[in-house]
file final.cif (mmCIF, C-alpha atoms and all ligand atoms)
data_structure
loop_
_atom_site.group_PDB
_atom_site.id
_atom_site.type_symbol
_atom_site.label_atom_id
_atom_site.label_comp_id
_atom_site.auth_asym_id
_atom_site.auth_seq_id
_atom_site.Cartn_x
_atom_site.Cartn_y
_atom_site.Cartn_z
ATOM 1 C CA MET I 1 -65.825 -7.101 -24.694
ATOM 2 C CA ALA I 2 -68.534 -5.018 -23.022
ATOM 3 C CA ASN I 3 -67.142 -1.851 -21.485
ATOM 4 C CA PHE I 4 -68.960 -2.231 -18.169
ATOM 5 C CA ILE I 5 -69.275 -4.740 -15.321
ATOM 6 C CA LYS I 6 -72.479 -6.729 -15.635
ATOM 7 C CA ILE I 7 -74.258 -7.582 -12.379
ATOM 8 C CA GLU I 8 -76.456 -10.605 -13.102
ATOM 9 C CA ASP I 9 -80.078 -10.877 -11.887
ATOM 10 C CA GLY I 10 -80.056 -11.993 -8.244
ATOM 11 C CA GLN I 11 -76.277 -11.414 -7.893
ATOM 12 C CA THR I 12 -76.050 -9.814 -4.449
ATOM 13 C CA PHE I 13 -74.205 -10.183 -1.136
ATOM 14 C CA ALA I 14 -75.761 -10.905 2.277
ATOM 15 C CA LYS I 15 -76.103 -7.605 4.143
ATOM 16 C CA GLU I 16 -74.700 -9.273 7.291
ATOM 17 C CA MET I 17 -71.284 -9.355 5.576
ATOM 18 C CA PHE I 18 -71.097 -5.533 5.486
ATOM 19 C CA CYS I 19 -71.481 -2.503 7.747
ATOM 20 C CA ILE I 20 -75.006 -1.150 7.310
ATOM 21 C CA PRO I 21 -76.168 1.788 9.466
ATOM 22 C CA GLN I 22 -78.408 0.478 12.227
ATOM 23 C CA HIS I 23 -81.257 2.772 11.177
ATOM 24 C CA TYR I 24 -81.470 1.007 7.798
ATOM 25 C CA GLU I 25 -80.635 -2.600 8.723
ATOM 26 C CA GLU I 26 -84.196 -3.929 8.648
ATOM 27 C CA TYR I 27 -85.028 -2.115 5.386
ATOM 28 C CA VAL I 28 -82.101 -3.344 3.258
ATOM 29 C CA GLU I 29 -82.606 -6.639 1.439
ATOM 30 C CA SER I 30 -79.014 -7.178 0.280
ATOM 31 C CA VAL I 31 -75.851 -5.444 -0.908
ATOM 32 C CA MET I 32 -75.494 -5.316 -4.689
ATOM 33 C CA ILE I 33 -72.260 -3.318 -5.139
ATOM 34 C CA PRO I 34 -69.938 -2.739 -2.167
ATOM 35 C CA LYS I 35 -68.322 0.703 -1.969
ATOM 36 C CA GLY I 36 -64.821 -0.705 -2.495
ATOM 37 C CA LEU I 37 -65.793 -2.108 -5.877
ATOM 38 C CA ILE I 38 -67.518 1.165 -6.830
ATOM 39 C CA LEU I 39 -64.271 3.030 -6.124
ATOM 40 C CA ASN I 40 -62.080 0.571 -8.062
ATOM 41 C CA ARG I 41 -64.360 0.804 -11.104
ATOM 42 C CA THR I 42 -64.556 4.613 -10.826
ATOM 43 C CA GLU I 43 -60.751 4.838 -10.859
ATOM 44 C CA ARG I 44 -60.693 3.018 -14.199
ATOM 45 C CA LEU I 45 -63.513 5.194 -15.617
ATOM 46 C CA ALA I 46 -61.458 8.275 -14.677
ATOM 47 C CA ARG I 47 -58.456 6.840 -16.563
ATOM 48 C CA ASP I 48 -60.576 6.142 -19.676
ATOM 49 C CA ILE I 49 -62.102 9.641 -19.558
ATOM 50 C CA CYS I 50 -58.668 11.281 -19.211
ATOM 51 C CA ARG I 51 -57.381 9.226 -22.172
ATOM 52 C CA ASP I 52 -60.288 10.251 -24.422
ATOM 53 C CA LEU I 53 -60.854 13.874 -23.418
ATOM 54 C CA SER I 54 -57.404 15.261 -22.704
ATOM 55 C CA HIS I 55 -57.461 17.531 -25.782
ATOM 56 C CA GLY I 56 -59.012 20.518 -24.005
ATOM 57 C CA PRO I 57 -60.589 21.889 -20.832
ATOM 58 C CA LEU I 58 -63.575 19.939 -19.589
ATOM 59 C CA VAL I 59 -66.713 21.036 -17.744
ATOM 60 C CA ALA I 60 -67.826 18.170 -15.491
ATOM 61 C CA LEU I 61 -71.549 18.538 -14.804
ATOM 62 C CA CYS I 62 -72.870 16.782 -11.692
ATOM 63 C CA CYS I 63 -76.480 15.594 -11.730
ATOM 64 C CA LEU I 64 -77.833 16.196 -8.228
ATOM 65 C CA LYS I 65 -78.552 14.824 -5.822
ATOM 66 C CA GLY I 66 -77.931 11.142 -6.586
ATOM 67 C CA GLY I 67 -74.747 11.739 -8.581
ATOM 68 C CA TYR I 68 -72.837 13.643 -5.914
ATOM 69 C CA GLN I 69 -70.861 10.738 -4.402
ATOM 70 C CA PHE I 70 -69.872 9.329 -7.792
ATOM 71 C CA PHE I 71 -69.023 12.836 -9.019
ATOM 72 C CA SER I 72 -66.876 13.498 -5.984
ATOM 73 C CA HIS I 73 -64.873 10.254 -6.294
ATOM 74 C CA LEU I 74 -64.583 10.498 -10.092
ATOM 75 C CA SER I 75 -63.257 14.085 -9.803
ATOM 76 C CA GLU I 76 -60.736 12.972 -7.206
ATOM 77 C CA PHE I 77 -59.452 10.198 -9.479
ATOM 78 C CA ILE I 78 -59.188 12.624 -12.435
ATOM 79 C CA ILE I 79 -57.225 15.067 -10.248
ATOM 80 C CA ASN I 80 -54.892 12.240 -9.115
ATOM 81 C CA HIS I 81 -54.467 11.088 -12.704
ATOM 82 C CA ASN I 82 -53.518 14.638 -13.736
ATOM 83 C CA ALA I 83 -50.996 14.788 -10.916
ATOM 84 C CA THR I 84 -49.281 11.458 -11.568
ATOM 85 C CA SER I 85 -49.648 10.490 -15.246
ATOM 86 C CA GLY I 86 -47.890 13.370 -16.945
ATOM 87 C CA GLN I 87 -51.134 13.963 -18.894
ATOM 88 C CA SER I 88 -53.314 17.005 -18.320
ATOM 89 C CA LEU I 89 -57.086 17.407 -18.282
ATOM 90 C CA PRO I 90 -57.961 20.801 -16.784
ATOM 91 C CA PHE I 91 -61.539 20.728 -15.593
ATOM 92 C CA SER I 92 -64.174 22.883 -13.948
ATOM 93 C CA ILE I 93 -67.380 21.792 -12.260
ATOM 94 C CA ASP I 94 -71.062 22.695 -12.449
ATOM 95 C CA PHE I 95 -74.240 21.281 -10.961
ATOM 96 C CA ILE I 96 -77.754 20.620 -12.230
ATOM 97 C CA ARG I 97 -80.759 19.108 -10.461
ATOM 98 C CA LEU I 98 -83.479 17.145 -12.213
ATOM 99 C CA LYS I 99 -86.289 15.097 -10.676
ATOM 100 C CA SER I 100 -88.344 12.345 -12.278
ATOM 101 C CA TYR I 101 -89.050 9.773 -9.567
ATOM 102 C CA GLU I 102 -92.062 9.408 -7.240
ATOM 103 C CA ASN I 103 -91.472 6.593 -4.710
ATOM 104 C CA ASP I 104 -89.813 3.879 -6.867
ATOM 105 C CA VAL I 105 -91.551 4.811 -10.132
ATOM 106 C CA SER I 106 -89.985 6.786 -12.991
ATOM 107 C CA THR I 107 -92.512 9.410 -14.153
ATOM 108 C CA SER I 108 -92.570 10.935 -17.631
ATOM 109 C CA ASP I 109 -92.522 14.372 -16.015
ATOM 110 C CA VAL I 110 -88.815 15.251 -15.748
ATOM 111 C CA LYS I 111 -88.320 18.620 -14.032
ATOM 112 C CA VAL I 112 -85.239 20.851 -13.674
ATOM 113 C CA ILE I 113 -85.478 22.036 -10.088
ATOM 114 C CA GLY I 114 -82.144 23.776 -9.536
ATOM 115 C CA GLY I 115 -78.499 24.158 -10.434
ATOM 116 C CA ASP I 116 -75.973 26.571 -11.946
ATOM 117 C CA ASP I 117 -76.284 28.943 -14.893
ATOM 118 C CA LEU I 118 -75.192 26.631 -17.696
ATOM 119 C CA SER I 119 -73.710 29.299 -20.003
ATOM 120 C CA SER I 120 -70.333 28.014 -18.720
ATOM 121 C CA VAL I 121 -70.650 25.007 -21.070
ATOM 122 C CA THR I 122 -70.814 27.031 -24.291
ATOM 123 C CA GLY I 123 -67.980 25.996 -26.636
ATOM 124 C CA LYS I 124 -66.557 23.540 -24.069
ATOM 125 C CA ASN I 125 -66.229 19.770 -23.824
ATOM 126 C CA VAL I 126 -68.855 18.648 -21.318
ATOM 127 C CA LEU I 127 -68.949 15.466 -19.246
ATOM 128 C CA ILE I 128 -72.368 14.796 -17.700
ATOM 129 C CA VAL I 129 -71.946 12.708 -14.530
ATOM 130 C CA GLU I 130 -75.067 10.722 -13.578
ATOM 131 C CA ASP I 131 -75.789 8.086 -10.922
ATOM 132 C CA ILE I 132 -78.192 5.792 -12.759
ATOM 133 C CA ILE I 133 -79.965 5.536 -16.095
ATOM 134 C CA ASP I 134 -83.283 3.700 -15.971
ATOM 135 C CA THR I 135 -85.705 4.556 -18.797
ATOM 136 C CA GLY I 136 -83.272 7.203 -20.116
ATOM 137 C CA LYS I 137 -85.879 9.996 -19.966
ATOM 138 C CA THR I 138 -83.921 12.111 -17.498
ATOM 139 C CA MET I 139 -80.756 11.918 -19.615
ATOM 140 C CA GLN I 140 -82.659 12.709 -22.814
ATOM 141 C CA LYS I 141 -84.040 15.832 -21.141
ATOM 142 C CA MET I 142 -80.580 16.723 -19.835
ATOM 143 C CA LEU I 143 -78.995 16.361 -23.282
ATOM 144 C CA ASN I 144 -81.688 18.618 -24.796
ATOM 145 C CA ILE I 145 -81.082 21.269 -22.138
ATOM 146 C CA ILE I 146 -77.287 21.183 -22.596
ATOM 147 C CA ALA I 147 -77.586 21.330 -26.411
ATOM 148 C CA GLU I 148 -79.309 24.741 -26.087
ATOM 149 C CA TYR I 149 -76.054 26.127 -24.661
ATOM 150 C CA LYS I 150 -74.030 24.953 -27.686
ATOM 151 C CA PRO I 151 -71.168 22.977 -26.111
ATOM 152 C CA ALA I 152 -68.289 21.769 -28.363
ATOM 153 C CA GLN I 153 -68.838 18.133 -27.351
ATOM 154 C CA VAL I 154 -70.937 16.236 -24.798
ATOM 155 C CA LYS I 155 -70.061 12.885 -23.200
ATOM 156 C CA VAL I 156 -72.069 11.071 -20.543
ATOM 157 C CA VAL I 157 -70.747 8.845 -17.760
ATOM 158 C CA SER I 158 -73.234 6.925 -15.624
ATOM 159 C CA LEU I 159 -72.192 4.760 -12.701
ATOM 160 C CA LEU I 160 -75.164 2.443 -13.270
ATOM 161 C CA VAL I 161 -77.385 1.475 -16.188
ATOM 162 C CA LYS I 162 -80.487 -0.558 -15.375
ATOM 163 C CA ARG I 163 -81.723 -3.445 -17.498
ATOM 164 C CA THR I 164 -85.309 -2.325 -17.907
ATOM 165 C CA PRO I 165 -87.907 -3.107 -20.562
ATOM 166 C CA LEU I 166 -88.962 0.566 -20.341
ATOM 167 C CA LYS I 167 -85.760 1.988 -21.870
ATOM 168 C CA ILE I 168 -86.348 4.563 -24.618
ATOM 169 C CA ASP I 169 -84.387 4.209 -27.889
ATOM 170 C CA SER I 170 -81.981 1.774 -26.153
ATOM 171 C CA TYR I 171 -79.987 4.820 -24.995
ATOM 172 C CA ARG I 172 -76.443 4.044 -23.762
ATOM 173 C CA PRO I 173 -74.073 6.548 -22.135
ATOM 174 C CA ASP I 174 -70.477 6.845 -23.377
ATOM 175 C CA TYR I 175 -69.040 5.423 -20.155
ATOM 176 C CA ILE I 176 -70.781 2.928 -17.837
ATOM 177 C CA GLY I 177 -69.655 1.630 -14.471
ATOM 178 C CA PHE I 178 -72.046 -1.286 -13.978
ATOM 179 C CA GLU I 179 -75.073 -2.713 -15.747
ATOM 180 C CA VAL I 180 -77.539 -3.710 -13.017
ATOM 181 C CA PRO I 181 -80.764 -5.756 -12.755
ATOM 182 C CA ASN I 182 -84.162 -4.088 -12.743
ATOM 183 C CA ASN I 183 -84.290 -3.563 -8.944
ATOM 184 C CA PHE I 184 -84.828 -0.329 -7.076
ATOM 185 C CA LEU I 185 -81.390 0.556 -5.658
ATOM 186 C CA VAL I 186 -80.357 2.828 -2.807
ATOM 187 C CA GLY I 187 -77.155 3.994 -1.157
ATOM 188 C CA TYR I 188 -73.962 5.743 -2.315
ATOM 189 C CA ALA I 189 -76.209 8.870 -2.676
ATOM 190 C CA LEU I 190 -79.047 7.065 -4.474
ATOM 191 C CA ASP I 191 -82.248 7.685 -2.537
ATOM 192 C CA TYR I 192 -85.746 6.457 -1.946
ATOM 193 C CA ASN I 193 -87.768 9.612 -1.241
ATOM 194 C CA GLU I 194 -84.588 11.287 0.148
ATOM 195 C CA TYR I 195 -83.726 8.370 2.483
ATOM 196 C CA PHE I 196 -80.785 5.929 2.181
ATOM 197 C CA ARG I 197 -78.325 8.442 0.648
ATOM 198 C CA ASP I 198 -76.311 7.959 3.861
ATOM 199 C CA LEU I 199 -75.515 4.324 3.090
ATOM 200 C CA SER I 200 -72.039 3.477 1.743
ATOM 201 C CA HIS I 201 -72.864 0.527 -0.508
ATOM 202 C CA ILE I 202 -75.358 0.223 -3.364
ATOM 203 C CA CYS I 203 -78.132 -1.934 -1.902
ATOM 204 C CA VAL I 204 -81.505 -3.438 -2.750
ATOM 205 C CA ILE I 205 -84.296 -2.036 -0.579
ATOM 206 C CA ASN I 206 -86.933 -4.472 0.755
ATOM 207 C CA LYS I 207 -90.743 -4.212 0.855
ATOM 208 C CA LYS I 208 -90.723 -3.024 4.456
ATOM 209 C CA GLY I 209 -88.354 -0.185 3.519
ATOM 210 C CA LYS I 210 -90.490 0.878 0.581
ATOM 211 C CA GLU I 211 -93.554 0.998 2.820
ATOM 212 C CA LYS I 212 -91.801 2.753 5.678
ATOM 213 C CA TYR I 213 -90.429 5.603 3.528
ATOM 214 C CA ALA I 214 -93.200 5.885 0.880
ATOM 215 C CA THR I 215 -94.611 9.361 0.255
ATOM 216 C CA LYS I 216 -98.147 9.246 1.544
HETATM 217 P P1 LIG U 1 -84.824 7.631 -15.874
HETATM 218 O O1 LIG U 1 -85.247 9.004 -16.308
HETATM 219 O O2 LIG U 1 -85.991 6.685 -15.863
HETATM 220 O O3 LIG U 1 -83.669 7.109 -16.656
HETATM 221 O O4 LIG U 1 -84.414 7.733 -14.355
HETATM 222 C C1 LIG U 1 -83.184 8.296 -13.985
HETATM 223 C C2 LIG U 1 -83.268 9.008 -12.663
HETATM 224 O O5 LIG U 1 -84.187 8.359 -11.792
HETATM 225 C C3 LIG U 1 -81.919 8.944 -11.975
HETATM 226 O O6 LIG U 1 -81.242 10.155 -12.150
HETATM 227 C C4 LIG U 1 -82.267 8.724 -10.528
HETATM 228 O O7 LIG U 1 -82.391 9.951 -9.872
HETATM 229 C C5 LIG U 1 -83.613 8.072 -10.548
HETATM 230 N N1 LIG U 1 -83.525 6.587 -10.405
HETATM 231 C C6 LIG U 1 -83.701 5.647 -11.362
HETATM 232 N N2 LIG U 1 -83.585 4.393 -10.868
HETATM 233 C C7 LIG U 1 -83.298 4.554 -9.558
HETATM 234 C C8 LIG U 1 -83.024 3.610 -8.489
HETATM 235 O O8 LIG U 1 -83.015 2.376 -8.635
HETATM 236 N N3 LIG U 1 -82.766 4.170 -7.280
HETATM 237 C C9 LIG U 1 -82.751 5.520 -7.055
HETATM 238 N N4 LIG U 1 -82.981 6.419 -8.026
HETATM 239 C C10 LIG U 1 -83.268 5.941 -9.261
#

call {"tool": "encode", "arguments": {"input": "final.cif", "output": "structure tokens", "more": "lines below"}}
Ligand code: IMP
result
Amino acid sequence: MANFIKIEDGQTFAKEMFCIPQHYEEYVESVMIPKGLILNRTERLARDICRDLSHGPLVALCCLKGGYQFFSHLSEFIINHNATSGQSLPFSIDFIRLKSYENDVSTSDVKVIGGDDLSSVTGKNVLIVEDIIDTGKTMQKMLNIIAEYKPAQVKVVSLLVKRTPLKIDSYRPDYIGFEVPNNFLVGYALDYNEYFRDLSHICVINKKGKEKYATK
């Protein structure tokens, strides 16, 4: 059995069934993953991570900005698991910011544009927490950067993995929330040129939205 939820091509919900902020209503095509489902899946990912990595302290590394909502909810579930399961996974947090997208196109130019001093990962188990893997170039760059700091072990959890023909080396993270169609997605902190992060659900943006918020 695949260890992720597969969202089939065209599998979406009518936006009228959900609460969409008024300022985005005309730019959202449909809802792909409602927030409730994101949270339920994240709870299970937290349980799997605690089961596999409870042998030592963990540094959870949040990929900004798109990963912040997922990181926040995942951390909360790990903390709750620690408090109620009788198991223990002490963890600390760090942040890194990479940028590869221009409008809705993944560029080959992946840049580190901010974050913490990563010497905190040396000798530690590291969990990289990412929002979405498309071609895999950003994660490849991230893994190279982290390797320079000589961690004991690195695992990657990504909320979403896109089915794209552009994927390099068929890269797969260790933990996946959902496999999604090759659409440009926004919401739950995923952005289109910094817009739509303030949308609760993961949604498909329409043509009008892409035009309205395109970088000129
Ligand atoms: P990759 O390097 O092509 O795998 O792209 C990964 C990065 O691009 C992610 O960290 C996101 O920031 C961004 N990205 C990829 N697909 C989407 C999308 O559908 N919506 C918003 N951001 C995306």

call {"tool": "closest_residue", "arguments": {"input": "final.cif", "among": "I:Tyr149, I:Phe196, I:Ile93, I:Val129", "to": "Pro173 (chain I)", "atoms": "all atoms listed in the file"}}
result
I:Val129

call {"tool": "atom_distance", "arguments": {"input": "final.cif", "atom1": "CA of Asp131 (chain I)", "atom2": "CA of Gly86 (chain I)"}}
result
29.0 Å

call {"tool": "atom_distance", "arguments": {"input": "final.cif", "atom1": "CA of Lys6 (chain I)", "atom2": "CA of Ile146 (chain I)"}}
result
29.2 Å

call {"tool": "residues_around", "arguments": {"input": "final.cif", "residues": "region 37-45 of chain I", "least_positions_apart": "3", "cutoff": "9 Å", "atoms": "all atoms listed in the file", "output": "MDAnalysis selection string"}}
result
chainID I and resid 4:5 33:34 48:50 70 73:74 76:78 157 159 175:178 201:202

call {"tool": "atom_distance", "arguments": {"input": "final.cif", "atom1": "CA of Asn193 (chain I)", "atom2": "atom O2 of ligand LIG 1 (chain U)"}}
result
15.0 Å

call {"tool": "residues_around", "arguments": {"input": "final.cif", "residues": "Lys15 (chain I)", "least_positions_apart": "4", "cutoff": "8 Å", "atoms": "all atoms listed in the file", "output": "PyMOL selection string"}}
result
chain I and resi 19-20+28-31

call {"tool": "closest_residue", "arguments": {"input": "final.cif", "among": "I:Val204, I:Ala60, I:Leu98, I:Ser119", "to": "Phe13 (chain I)", "atoms": "all atoms listed in the file"}}
result
I:Val204

call {"tool": "decode", "arguments": {"input": "final.cif", "residues": "region 166-194 of chain I", "atoms": "N, CA, C and O atoms", "output": "PDB file, in the first residue's frame"}}
result
ATOM      1  N   LEU I 166       8.430  16.604 -14.925  1.00  0.00           N
ATOM      2  CA  LEU I 166       9.731  17.288 -14.815  1.00  0.00           C
ATOM      3  C   LEU I 166      10.566  16.797 -13.640  1.00  0.00           C
ATOM      4  O   LEU I 166      11.643  17.308 -13.368  1.00  0.00           O
ATOM      5  N   LYS I 167      10.059  15.797 -12.892  1.00  0.00           N
ATOM      6  CA  LYS I 167      10.745  15.380 -11.663  1.00  0.00           C
ATOM      7  C   LYS I 167      12.145  14.851 -11.946  1.00  0.00           C
ATOM      8  O   LYS I 167      12.339  14.099 -12.889  1.00  0.00           O
ATOM      9  N   ILE I 168      13.132  15.284 -11.131  1.00  0.00           N
ATOM     10  CA  ILE I 168      14.496  14.792 -11.328  1.00  0.00           C
ATOM     11  C   ILE I 168      14.729  13.522 -10.506  1.00  0.00           C
ATOM     12  O   ILE I 168      14.355  13.454  -9.339  1.00  0.00           O
ATOM     13  N   ASP I 169      15.323  12.528 -11.113  1.00  0.00           N
ATOM     14  CA  ASP I 169      15.710  11.271 -10.432  1.00  0.00           C
ATOM     15  C   ASP I 169      14.565  10.639  -9.645  1.00  0.00           C
ATOM     16  O   ASP I 169      14.796  10.012  -8.626  1.00  0.00           O
ATOM     17  N   SER I 170      13.339  10.826 -10.054  1.00  0.00           N
ATOM     18  CA  SER I 170      12.148  10.349  -9.341  1.00  0.00           C
ATOM     19  C   SER I 170      12.322  10.418  -7.805  1.00  0.00           C
ATOM     20  O   SER I 170      12.075   9.458  -7.080  1.00  0.00           O
ATOM     21  N   TYR I 171      12.778  11.584  -7.344  1.00  0.00           N
ATOM     22  CA  TYR I 171      12.998  11.788  -5.906  1.00  0.00           C
ATOM     23  C   TYR I 171      11.699  11.653  -5.107  1.00  0.00           C
ATOM     24  O   TYR I 171      10.682  12.186  -5.482  1.00  0.00           O
ATOM     25  N   ARG I 172      11.747  10.926  -3.999  1.00  0.00           N
ATOM     26  CA  ARG I 172      10.596  10.768  -3.099  1.00  0.00           C
ATOM     27  C   ARG I 172      11.025  11.060  -1.669  1.00  0.00           C
ATOM     28  O   ARG I 172      12.025  10.494  -1.203  1.00  0.00           O
ATOM     29  N   PRO I 173      10.308  11.920  -0.956  1.00  0.00           N
ATOM     30  CA  PRO I 173      10.649  12.136   0.458  1.00  0.00           C
ATOM     31  C   PRO I 173      10.307  10.903   1.307  1.00  0.00           C
ATOM     32  O   PRO I 173       9.610  10.002   0.845  1.00  0.00           O
ATOM     33  N   ASP I 174      10.794  10.887   2.535  1.00  0.00           N
ATOM     34  CA  ASP I 174      10.559   9.732   3.421  1.00  0.00           C
ATOM     35  C   ASP I 174       9.106   9.650   3.862  1.00  0.00           C
ATOM     36  O   ASP I 174       8.576   8.560   4.063  1.00  0.00           O
ATOM     37  N   TYR I 175       8.487  10.806   4.057  1.00  0.00           N
ATOM     38  CA  TYR I 175       7.078  10.849   4.471  1.00  0.00           C
ATOM     39  C   TYR I 175       6.327  11.810   3.549  1.00  0.00           C
ATOM     40  O   TYR I 175       6.819  12.916   3.276  1.00  0.00           O
ATOM     41  N   ILE I 176       5.152  11.379   3.072  1.00  0.00           N
ATOM     42  CA  ILE I 176       4.358  12.190   2.141  1.00  0.00           C
ATOM     43  C   ILE I 176       2.927  12.261   2.663  1.00  0.00           C
ATOM     44  O   ILE I 176       2.349  11.232   3.044  1.00  0.00           O
ATOM     45  N   GLY I 177       2.371  13.482   2.649  1.00  0.00           N
ATOM     46  CA  GLY I 177       0.969  13.615   3.020  1.00  0.00           C
ATOM     47  C   GLY I 177       0.053  13.188   1.881  1.00  0.00           C
ATOM     48  O   GLY I 177      -0.707  12.227   1.990  1.00  0.00           O
ATOM     49  N   PHE I 178       0.175  13.894   0.753  1.00  0.00           N
ATOM     50  CA  PHE I 178      -0.707  13.664  -0.394  1.00  0.00           C
ATOM     51  C   PHE I 178       0.113  13.721  -1.681  1.00  0.00           C
ATOM     52  O   PHE I 178       1.002  14.567  -1.804  1.00  0.00           O
ATOM     53  N   GLU I 179      -0.231  12.841  -2.625  1.00  0.00           N
ATOM     54  CA  GLU I 179       0.300  12.996  -3.981  1.00  0.00           C
ATOM     55  C   GLU I 179      -0.780  13.719  -4.776  1.00  0.00           C
ATOM     56  O   GLU I 179      -1.943  13.301  -4.774  1.00  0.00           O
ATOM     57  N   VAL I 180      -0.386  14.817  -5.444  1.00  0.00           N
ATOM     58  CA  VAL I 180      -1.389  15.688  -6.087  1.00  0.00           C
ATOM     59  C   VAL I 180      -1.144  15.801  -7.590  1.00  0.00           C
ATOM     60  O   VAL I 180      -0.018  15.605  -8.059  1.00  0.00           O
ATOM     61  N   PRO I 181      -2.209  16.159  -8.352  1.00  0.00           N
ATOM     62  CA  PRO I 181      -2.046  16.350  -9.800  1.00  0.00           C
ATOM     63  C   PRO I 181      -1.122  17.533 -10.115  1.00  0.00           C
ATOM     64  O   PRO I 181      -0.820  18.342  -9.240  1.00  0.00           O
ATOM     65  N   ASN I 182      -0.763  17.633 -11.369  1.00  0.00           N
ATOM     66  CA  ASN I 182       0.166  18.673 -11.809  1.00  0.00           C
ATOM     67  C   ASN I 182      -0.555  20.015 -12.027  1.00  0.00           C
ATOM     68  O   ASN I 182      -0.576  20.543 -13.129  1.00  0.00           O
ATOM     69  N   ASN I 183      -1.161  20.531 -10.965  1.00  0.00           N
ATOM     70  CA  ASN I 183      -1.811  21.855 -10.982  1.00  0.00           C
ATOM     71  C   ASN I 183      -0.993  22.799 -10.133  1.00  0.00           C
ATOM     72  O   ASN I 183      -0.299  22.354  -9.221  1.00  0.00           O
ATOM     73  N   PHE I 184      -1.130  24.103 -10.376  1.00  0.00           N
ATOM     74  CA  PHE I 184      -0.510  25.053  -9.459  1.00  0.00           C
ATOM     75  C   PHE I 184      -1.457  25.253  -8.284  1.00  0.00           C
ATOM     76  O   PHE I 184      -2.623  25.597  -8.457  1.00  0.00           O
ATOM     77  N   LEU I 185      -0.962  25.014  -7.065  1.00  0.00           N
ATOM     78  CA  LEU I 185      -1.807  25.012  -5.864  1.00  0.00           C
ATOM     79  C   LEU I 185      -1.470  26.185  -4.954  1.00  0.00           C
ATOM     80  O   LEU I 185      -0.302  26.599  -4.867  1.00  0.00           O
ATOM     81  N   VAL I 186      -2.476  26.694  -4.280  1.00  0.00           N
ATOM     82  CA  VAL I 186      -2.288  27.793  -3.334  1.00  0.00           C
ATOM     83  C   VAL I 186      -3.066  27.505  -2.057  1.00  0.00           C
ATOM     84  O   VAL I 186      -3.938  26.634  -2.035  1.00  0.00           O
ATOM     85  N   GLY I 187      -2.742  28.278  -1.026  1.00  0.00           N
ATOM     86  CA  GLY I 187      -3.458  28.168   0.247  1.00  0.00           C
ATOM     87  C   GLY I 187      -2.706  27.312   1.249  1.00  0.00           C
ATOM     88  O   GLY I 187      -1.750  26.621   0.897  1.00  0.00           O
ATOM     89  N   TYR I 188      -3.119  27.387   2.519  1.00  0.00           N
ATOM     90  CA  TYR I 188      -2.440  26.700   3.624  1.00  0.00           C
ATOM     91  C   TYR I 188      -0.936  27.052   3.563  1.00  0.00           C
ATOM     92  O   TYR I 188      -0.066  26.198   3.645  1.00  0.00           O
ATOM     93  N   ALA I 189      -0.643  28.315   3.337  1.00  0.00           N
ATOM     94  CA  ALA I 189       0.703  28.924   3.261  1.00  0.00           C
ATOM     95  C   ALA I 189       1.386  28.779   1.905  1.00  0.00           C
ATOM     96  O   ALA I 189       2.429  29.387   1.680  1.00  0.00           O
ATOM     97  N   LEU I 190       0.821  27.997   0.994  1.00  0.00           N
ATOM     98  CA  LEU I 190       1.400  27.969  -0.365  1.00  0.00           C
ATOM     99  C   LEU I 190       0.964  29.246  -1.086  1.00  0.00           C
ATOM    100  O   LEU I 190      -0.208  29.626  -0.994  1.00  0.00           O
ATOM    101  N   ASP I 191       1.896  29.863  -1.805  1.00  0.00           N
ATOM    102  CA  ASP I 191       1.590  31.161  -2.405  1.00  0.00           C
ATOM    103  C   ASP I 191       1.696  31.168  -3.920  1.00  0.00           C
ATOM    104  O   ASP I 191       2.270  30.262  -4.531  1.00  0.00           O
ATOM    105  N   TYR I 192       1.124  32.224  -4.486  1.00  0.00           N
ATOM    106  CA  TYR I 192       1.394  32.584  -5.873  1.00  0.00           C
ATOM    107  C   TYR I 192       1.899  34.015  -5.793  1.00  0.00           C
ATOM    108  O   TYR I 192       1.125  34.928  -5.462  1.00  0.00           O
ATOM    109  N   ASN I 193       3.203  34.198  -5.980  1.00  0.00           N
ATOM    110  CA  ASN I 193       3.819  35.527  -5.844  1.00  0.00           C
ATOM    111  C   ASN I 193       3.412  36.224  -4.545  1.00  0.00           C
ATOM    112  O   ASN I 193       3.045  37.401  -4.534  1.00  0.00           O
ATOM    113  N   GLU I 194       3.461  35.463  -3.431  1.00  0.00           N
ATOM    114  CA  GLU I 194       3.185  35.957  -2.068  1.00  0.00           C
ATOM    115  C   GLU I 194       1.696  36.130  -1.756  1.00  0.00           C
ATOM    116  O   GLU I 194       1.350  36.454  -0.616  1.00  0.00           O
TER     117      GLU I 194
END
